[in-house]
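Beneath this line is the structure, given in structure tokens, with notes to follow.
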Amino acid sequence: MGRYLQEIEFLDKVISMKIRCTSCALENVSDVISKATIPMEDEFDKVFSELSYGGEVDQFLAVAIAAGSLEDNQEYFKEHNRSGTYKHPITKEKVKFISFALPFTEEEMKGVNDKEFSKLFCNALKEKLDNPDVKITKGFDYDKFSLDMKAAIDKYSSD
């Protein structure tokens, strides 16, 4: 009987998708990136907060890598372009994630304001969604997630 109740509790637990838009960037561009990605993350989170795509994936991250040149960005690319799990620092629960690294060179970032960066970021994310180069977690409905994410990007970009 106890095991049956545990299974019901697990089935009742809704695994919702948390969307994070963040960066690994040089100090001189980090403010511009934050001004663009924080409101974007808030909007995407509203869309995905009650959705689940299977595979027990809890989180999707889009990470702007703006560490300098293309070579400088490569140093951070591998760390942020992957899928896996980590232990949440507060709850200590296992968090399953998919993370896309979106590289931006110094040249691309030169003189860009937050609205312009938002467009660059959205375009880069849509391209990456079309051609993911990370292992997609088994059981995760990537096709549905990708369609929903592109629709959310289009809606955000048009507002």
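Labels for the structure tokens follow display order: chains A, B, ..., residues from 1 in each chain, ligands from 1.
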
Original post:
Which residues come within 7 Å of range 94-99 of chain A, counting only C-alpha atoms, excluding same-chain residues fewer than 4 positions away, as a PyMOL selection string?
Top reply: chain A and resi 56-62+80-88

Once you have the residues from the selection above, write them out as a PDB file, in the first residue's frame, restricted to N, CA and C atoms.
ATOM      1  N   GLU A  56      11.613  13.950 -17.934  1.00  0.00           N
ATOM      2  CA  GLU A  56      11.877  14.538 -16.615  1.00  0.00           C
ATOM      3  C   GLU A  56      12.801  15.753 -16.682  1.00  0.00           C
ATOM      4  N   VAL A  57      12.820  16.444 -17.830  1.00  0.00           N
ATOM      5  CA  VAL A  57      13.647  17.646 -17.978  1.00  0.00           C
ATOM      6  C   VAL A  57      12.958  18.789 -17.247  1.00  0.00           C
ATOM      7  N   ASP A  58      13.700  19.399 -16.316  1.00  0.00           N
ATOM      8  CA  ASP A  58      13.172  20.466 -15.472  1.00  0.00           C
ATOM      9  C   ASP A  58      13.485  21.853 -16.017  1.00  0.00           C
ATOM     10  N   GLN A  59      14.561  21.966 -16.784  1.00  0.00           N
ATOM     11  CA  GLN A  59      15.066  23.293 -17.113  1.00  0.00           C
ATOM     12  C   GLN A  59      15.683  23.339 -18.508  1.00  0.00           C
ATOM     13  N   PHE A  60      15.418  24.455 -19.193  1.00  0.00           N
ATOM     14  CA  PHE A  60      16.074  24.740 -20.465  1.00  0.00           C
ATOM     15  C   PHE A  60      16.815  26.051 -20.298  1.00  0.00           C
ATOM     16  N   LEU A  61      18.086  26.055 -20.654  1.00  0.00           N
ATOM     17  CA  LEU A  61      18.912  27.254 -20.544  1.00  0.00           C
ATOM     18  C   LEU A  61      19.388  27.687 -21.916  1.00  0.00           C
ATOM     19  N   ALA A  62      19.317  28.991 -22.150  1.00  0.00           N
ATOM     20  CA  ALA A  62      19.913  29.602 -23.338  1.00  0.00           C
ATOM     21  C   ALA A  62      20.972  30.560 -22.792  1.00  0.00           C
ATOM     22  N   HIS A  80      28.604  25.110 -21.396  1.00  0.00           N
ATOM     23  CA  HIS A  80      27.225  25.593 -21.432  1.00  0.00           C
ATOM     24  C   HIS A  80      26.416  25.048 -22.603  1.00  0.00           C
ATOM     25  N   ASN A  81      26.981  24.149 -23.370  1.00  0.00           N
ATOM     26  CA  ASN A  81      26.284  23.577 -24.521  1.00  0.00           C
ATOM     27  C   ASN A  81      26.181  22.069 -24.319  1.00  0.00           C
ATOM     28  N   ARG A  82      25.213  21.666 -23.479  1.00  0.00           N
ATOM     29  CA  ARG A  82      25.108  20.252 -23.140  1.00  0.00           C
ATOM     30  C   ARG A  82      23.779  19.965 -22.439  1.00  0.00           C
ATOM     31  N   SER A  83      23.547  18.710 -22.186  1.00  0.00           N
ATOM     32  CA  SER A  83      22.421  18.311 -21.344  1.00  0.00           C
ATOM     33  C   SER A  83      23.002  17.498 -20.195  1.00  0.00           C
ATOM     34  N   GLY A  84      22.255  17.428 -19.116  1.00  0.00           N
ATOM     35  CA  GLY A  84      22.753  16.679 -17.968  1.00  0.00           C
ATOM     36  C   GLY A  84      21.916  16.935 -16.733  1.00  0.00           C
ATOM     37  N   THR A  85      22.535  16.722 -15.589  1.00  0.00           N
ATOM     38  CA  THR A  85      21.870  16.965 -14.311  1.00  0.00           C
ATOM     39  C   THR A  85      22.834  17.688 -13.377  1.00  0.00           C
ATOM     40  N   TYR A  86      22.254  18.406 -12.439  1.00  0.00           N
ATOM     41  CA  TYR A  86      23.037  18.997 -11.359  1.00  0.00           C
ATOM     42  C   TYR A  86      22.192  18.972 -10.093  1.00  0.00           C
ATOM     43  N   LYS A  87      22.833  19.151  -8.962  1.00  0.00           N
ATOM     44  CA  LYS A  87      22.126  19.198  -7.696  1.00  0.00           C
ATOM     45  C   LYS A  87      21.814  20.652  -7.372  1.00  0.00           C
ATOM     46  N   HIS A  88      20.530  20.950  -7.167  1.00  0.00           N
ATOM     47  CA  HIS A  88      20.107  22.313  -6.847  1.00  0.00           C
ATOM     48  C   HIS A  88      20.805  22.747  -5.555  1.00  0.00           C
TER      49      HIS A  88
END

Original post:
Hey, what's within 10 Å of Phe117 in chain A if we count only C-alpha atoms and toss same-chain stuff fewer than 2 positions away? As a ChimeraX atom specification, please?
Top reply: /A:32-37,104,108-109,111-115,119-123

Subject >> 12 Å contact set for Ala101 in chain A, only C-alpha atoms, chain neighbours under 5 positions out, as a ChimeraX atom specification >> reply: /A:20-25,60-67,73-83,121,124-125,127-129,132-134

What would the file look like if the residues just selected were written as a short mmCIF file (atom, residue, chain, number, x, y, z; two decimals), in the first residue's frame with N, CA and C atoms?
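Contents of out-v3.cif, freshly written:
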data_model
loop_
_atom_site.label_atom_id
_atom_site.label_comp_id
_atom_site.auth_asym_id
_atom_site.auth_seq_id
_atom_site.Cartn_x
_atom_site.Cartn_y
_atom_site.Cartn_z
N ARG A 20 15.56 29.50 -18.57
CA ARG A 20 16.54 30.47 -18.09
C ARG A 20 17.29 31.03 -19.29
N CYS A 21 17.39 32.35 -19.32
CA CYS A 21 18.18 33.06 -20.32
C CYS A 21 19.27 33.78 -19.54
N THR A 22 20.50 33.38 -19.73
CA THR A 22 21.59 33.91 -18.93
C THR A 22 22.81 34.13 -19.80
N SER A 23 23.94 34.46 -19.16
CA SER A 23 25.13 34.73 -19.97
C SER A 23 26.41 34.40 -19.23
N CYS A 24 27.44 34.27 -20.02
CA CYS A 24 28.82 34.19 -19.56
C CYS A 24 29.52 35.23 -20.43
N ALA A 25 29.70 36.45 -19.86
CA ALA A 25 30.09 37.58 -20.70
C ALA A 25 31.12 38.48 -20.04
N PHE A 60 15.42 24.46 -19.19
CA PHE A 60 16.07 24.74 -20.47
C PHE A 60 16.82 26.05 -20.30
N LEU A 61 18.09 26.05 -20.65
CA LEU A 61 18.91 27.25 -20.54
C LEU A 61 19.39 27.69 -21.92
N ALA A 62 19.32 28.99 -22.15
CA ALA A 62 19.91 29.60 -23.34
C ALA A 62 20.97 30.56 -22.79
N VAL A 63 22.24 30.26 -23.08
CA VAL A 63 23.35 31.00 -22.47
C VAL A 63 24.09 31.80 -23.54
N ALA A 64 24.05 33.12 -23.41
CA ALA A 64 24.82 33.99 -24.30
C ALA A 64 26.28 33.92 -23.86
N ILE A 65 27.14 33.51 -24.78
CA ILE A 65 28.58 33.46 -24.51
C ILE A 65 29.20 34.64 -25.24
N ALA A 66 29.65 35.63 -24.45
CA ALA A 66 30.25 36.84 -25.02
C ALA A 66 31.52 37.14 -24.23
N ALA A 67 32.47 36.23 -24.37
CA ALA A 67 33.72 36.31 -23.60
C ALA A 67 34.86 36.94 -24.39
N ASN A 73 35.43 32.52 -26.68
CA ASN A 73 34.11 31.95 -26.45
C ASN A 73 34.16 30.43 -26.36
N GLN A 74 35.05 29.81 -27.14
CA GLN A 74 35.16 28.35 -27.16
C GLN A 74 35.47 27.78 -25.77
N GLU A 75 36.20 28.55 -24.99
CA GLU A 75 36.56 28.12 -23.63
C GLU A 75 35.31 27.86 -22.78
N TYR A 76 34.26 28.62 -23.00
CA TYR A 76 33.03 28.52 -22.22
C TYR A 76 31.92 27.75 -22.93
N PHE A 77 32.09 27.55 -24.22
CA PHE A 77 31.06 26.94 -25.04
C PHE A 77 30.70 25.53 -24.57
N LYS A 78 31.69 24.68 -24.40
CA LYS A 78 31.45 23.27 -24.06
C LYS A 78 30.72 23.14 -22.73
N GLU A 79 31.10 23.95 -21.76
CA GLU A 79 30.49 23.91 -20.43
C GLU A 79 29.00 24.25 -20.47
N HIS A 80 28.60 25.11 -21.40
CA HIS A 80 27.23 25.59 -21.43
C HIS A 80 26.42 25.05 -22.60
N ASN A 81 26.98 24.15 -23.37
CA ASN A 81 26.28 23.58 -24.52
C ASN A 81 26.18 22.07 -24.32
N ARG A 82 25.21 21.67 -23.48
CA ARG A 82 25.11 20.25 -23.14
C ARG A 82 23.78 19.97 -22.44
N SER A 83 23.55 18.71 -22.19
CA SER A 83 22.42 18.31 -21.34
C SER A 83 23.00 17.50 -20.19
N PHE A 121 19.92 37.69 -29.92
CA PHE A 121 19.76 36.52 -29.07
C PHE A 121 18.62 35.64 -29.58
N ALA A 124 19.62 33.89 -32.80
CA ALA A 124 20.59 32.82 -32.53
C ALA A 124 19.91 31.62 -31.89
N LEU A 125 18.98 31.87 -30.98
CA LEU A 125 18.28 30.78 -30.32
C LEU A 125 17.41 30.01 -31.31
N GLU A 127 17.91 29.68 -34.51
CA GLU A 127 18.83 28.88 -35.35
C GLU A 127 19.28 27.63 -34.61
N LYS A 128 19.60 27.79 -33.33
CA LYS A 128 20.07 26.65 -32.53
C LYS A 128 18.95 25.64 -32.33
N LEU A 129 17.72 26.12 -32.15
CA LEU A 129 16.59 25.20 -32.02
C LEU A 129 16.41 24.37 -33.27
N PRO A 132 20.08 21.68 -33.20
CA PRO A 132 20.71 21.47 -31.88
C PRO A 132 21.95 20.59 -32.01
N ASP A 133 22.99 20.96 -31.29
CA ASP A 133 24.21 20.16 -31.34
C ASP A 133 24.55 19.61 -29.95
N VAL A 134 23.49 19.35 -29.17
CA VAL A 134 23.64 18.71 -27.87
C VAL A 134 22.79 17.45 -27.86
#

**OP:** Might you pull out every residue within 12 Å of Phe145 in chain A, with only C-alpha atoms counted and same-chain residues fewer than 2 positions away left off, and present them as a list in words?
**Re:**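 Counting only C-alpha atoms, the residues come to Met17, Ile19, Val47, Phe48, Leu51, Ser52, Tyr53, Gly54, Gly55, Val57, Gln59, Phe60, Ile98, Lys126, Leu129, Asp130, Ile136, Phe140, Asp141, Tyr142, Asp143, Leu147, Asp148, Met149, Lys150, Ala151 and Ala152 of chain A.
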
Write to file, as a compact mmCIF listing (two decimals), in the first residue's frame, the residues of the selection just made, with N, CA and C atoms.
# COMPACT_ATOMS: atom_id res chain seq x y z
N MET A 17 8.46 23.09 -16.86
CA MET A 17 9.70 23.52 -17.49
C MET A 17 10.07 24.93 -17.05
N ILE A 19 12.51 28.05 -17.76
CA ILE A 19 13.33 28.60 -18.84
C ILE A 19 14.28 29.62 -18.24
N VAL A 47 5.11 31.38 -20.22
CA VAL A 47 4.59 30.47 -21.24
C VAL A 47 4.82 29.01 -20.85
N PHE A 48 5.99 28.70 -20.30
CA PHE A 48 6.39 27.31 -20.08
C PHE A 48 6.20 26.81 -18.65
N LEU A 51 4.07 23.71 -18.41
CA LEU A 51 4.23 22.73 -19.48
C LEU A 51 5.34 21.75 -19.15
N SER A 52 5.19 20.55 -19.67
CA SER A 52 6.22 19.53 -19.52
C SER A 52 6.36 18.80 -20.85
N TYR A 53 7.58 18.43 -21.20
CA TYR A 53 7.84 17.77 -22.48
C TYR A 53 8.42 16.37 -22.31
N GLY A 54 8.32 15.84 -21.10
CA GLY A 54 8.78 14.49 -20.85
C GLY A 54 10.26 14.42 -20.56
N GLY A 55 10.73 13.20 -20.38
CA GLY A 55 12.14 12.97 -20.09
C GLY A 55 12.58 13.53 -18.75
N VAL A 57 12.82 16.44 -17.83
CA VAL A 57 13.65 17.65 -17.98
C VAL A 57 12.96 18.79 -17.25
N GLN A 59 14.56 21.97 -16.78
CA GLN A 59 15.07 23.29 -17.11
C GLN A 59 15.68 23.34 -18.51
N PHE A 60 15.42 24.46 -19.19
CA PHE A 60 16.07 24.74 -20.47
C PHE A 60 16.82 26.05 -20.30
N ILE A 98 18.65 20.97 -20.24
CA ILE A 98 19.23 21.06 -21.58
C ILE A 98 19.70 22.50 -21.72
N LYS A 126 16.71 30.72 -32.19
CA LYS A 126 15.89 30.03 -33.19
C LYS A 126 16.75 29.17 -34.11
N LEU A 129 17.72 26.12 -32.15
CA LEU A 129 16.59 25.20 -32.02
C LEU A 129 16.41 24.37 -33.27
N ASP A 130 16.69 24.96 -34.44
CA ASP A 130 16.59 24.23 -35.71
C ASP A 130 17.72 23.22 -35.88
N ILE A 136 19.94 15.29 -26.83
CA ILE A 136 18.61 15.54 -26.30
C ILE A 136 18.21 14.37 -25.41
N PHE A 140 12.31 13.18 -24.02
CA PHE A 140 11.98 14.59 -24.11
C PHE A 140 11.44 14.87 -25.51
N ASP A 141 10.25 15.47 -25.59
CA ASP A 141 9.62 15.76 -26.88
C ASP A 141 10.22 17.05 -27.44
N TYR A 142 11.41 16.91 -28.04
CA TYR A 142 12.13 18.08 -28.52
C TYR A 142 11.39 18.79 -29.65
N ASP A 143 10.77 18.04 -30.54
CA ASP A 143 10.06 18.67 -31.65
C ASP A 143 8.96 19.60 -31.15
N LEU A 147 9.01 23.78 -31.35
CA LEU A 147 7.92 24.54 -31.96
C LEU A 147 7.34 25.57 -30.98
N ASP A 148 7.12 25.14 -29.74
CA ASP A 148 6.57 26.04 -28.73
C ASP A 148 7.54 27.17 -28.41
N MET A 149 8.83 26.86 -28.33
CA MET A 149 9.83 27.87 -28.01
C MET A 149 9.94 28.89 -29.14
N LYS A 150 9.93 28.42 -30.38
CA LYS A 150 9.98 29.35 -31.51
C LYS A 150 8.75 30.25 -31.55
N ALA A 151 7.58 29.70 -31.21
CA ALA A 151 6.36 30.51 -31.15
C ALA A 151 6.47 31.56 -30.04
N ALA A 152 7.03 31.17 -28.89
CA ALA A 152 7.22 32.11 -27.78
C ALA A 152 8.21 33.21 -28.17

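Proximity to Ser69 in chain A at 7 Å, evaluated using only C-alpha atoms and with sequence-adjacent residues fewer than 3 positions away removed, yields Asp72, Asn73, Thr105 and Glu106 of chain A.
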
Take the residues just selected and output them with N, CA and C atoms as a compact mmCIF listing (two decimals), in the first residue's frame.
# COMPACT_ATOMS: atom_id res chain seq x y z
N ASP A 72 38.05 32.86 -27.56
CA ASP A 72 37.73 33.06 -26.14
C ASP A 72 36.40 32.40 -25.80
N ASN A 73 35.43 32.52 -26.68
CA ASN A 73 34.11 31.95 -26.45
C ASN A 73 34.16 30.43 -26.36
N THR A 105 30.56 37.32 -30.67
CA THR A 105 31.92 37.84 -30.65
C THR A 105 31.93 39.31 -30.22
N GLU A 106 33.12 39.79 -29.89
CA GLU A 106 33.30 41.21 -29.53
C GLU A 106 32.79 42.10 -30.65

**OP:** List every residue of chain A that DSSP, applied to the backbone of this structure, places in helix (DSSP H, G or I), and write the result as a ChimeraX atom specification.
**Re:** /A:2-12,27-48,70-80,106-109,114-130,142-158

Subject >> Pairwise distance for CA of Ile153 in chain A and CA of Glu50 in chain A, rounded to one decimal in Å >> reply: 17.3 Å

Original post:
Out of chain A, which residues get strand (DSSP E or B) from DSSP, as a count of residues only?
Top reply: 36

**OP:** Take CA of Lys135 in chain A and CA of Ile38 in chain A and report the distance between them in Å, one decimal.
**Re:**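 Going from CA of Lys135 in chain A over to CA of Ile38 in chain A, I get 26.3 Å.
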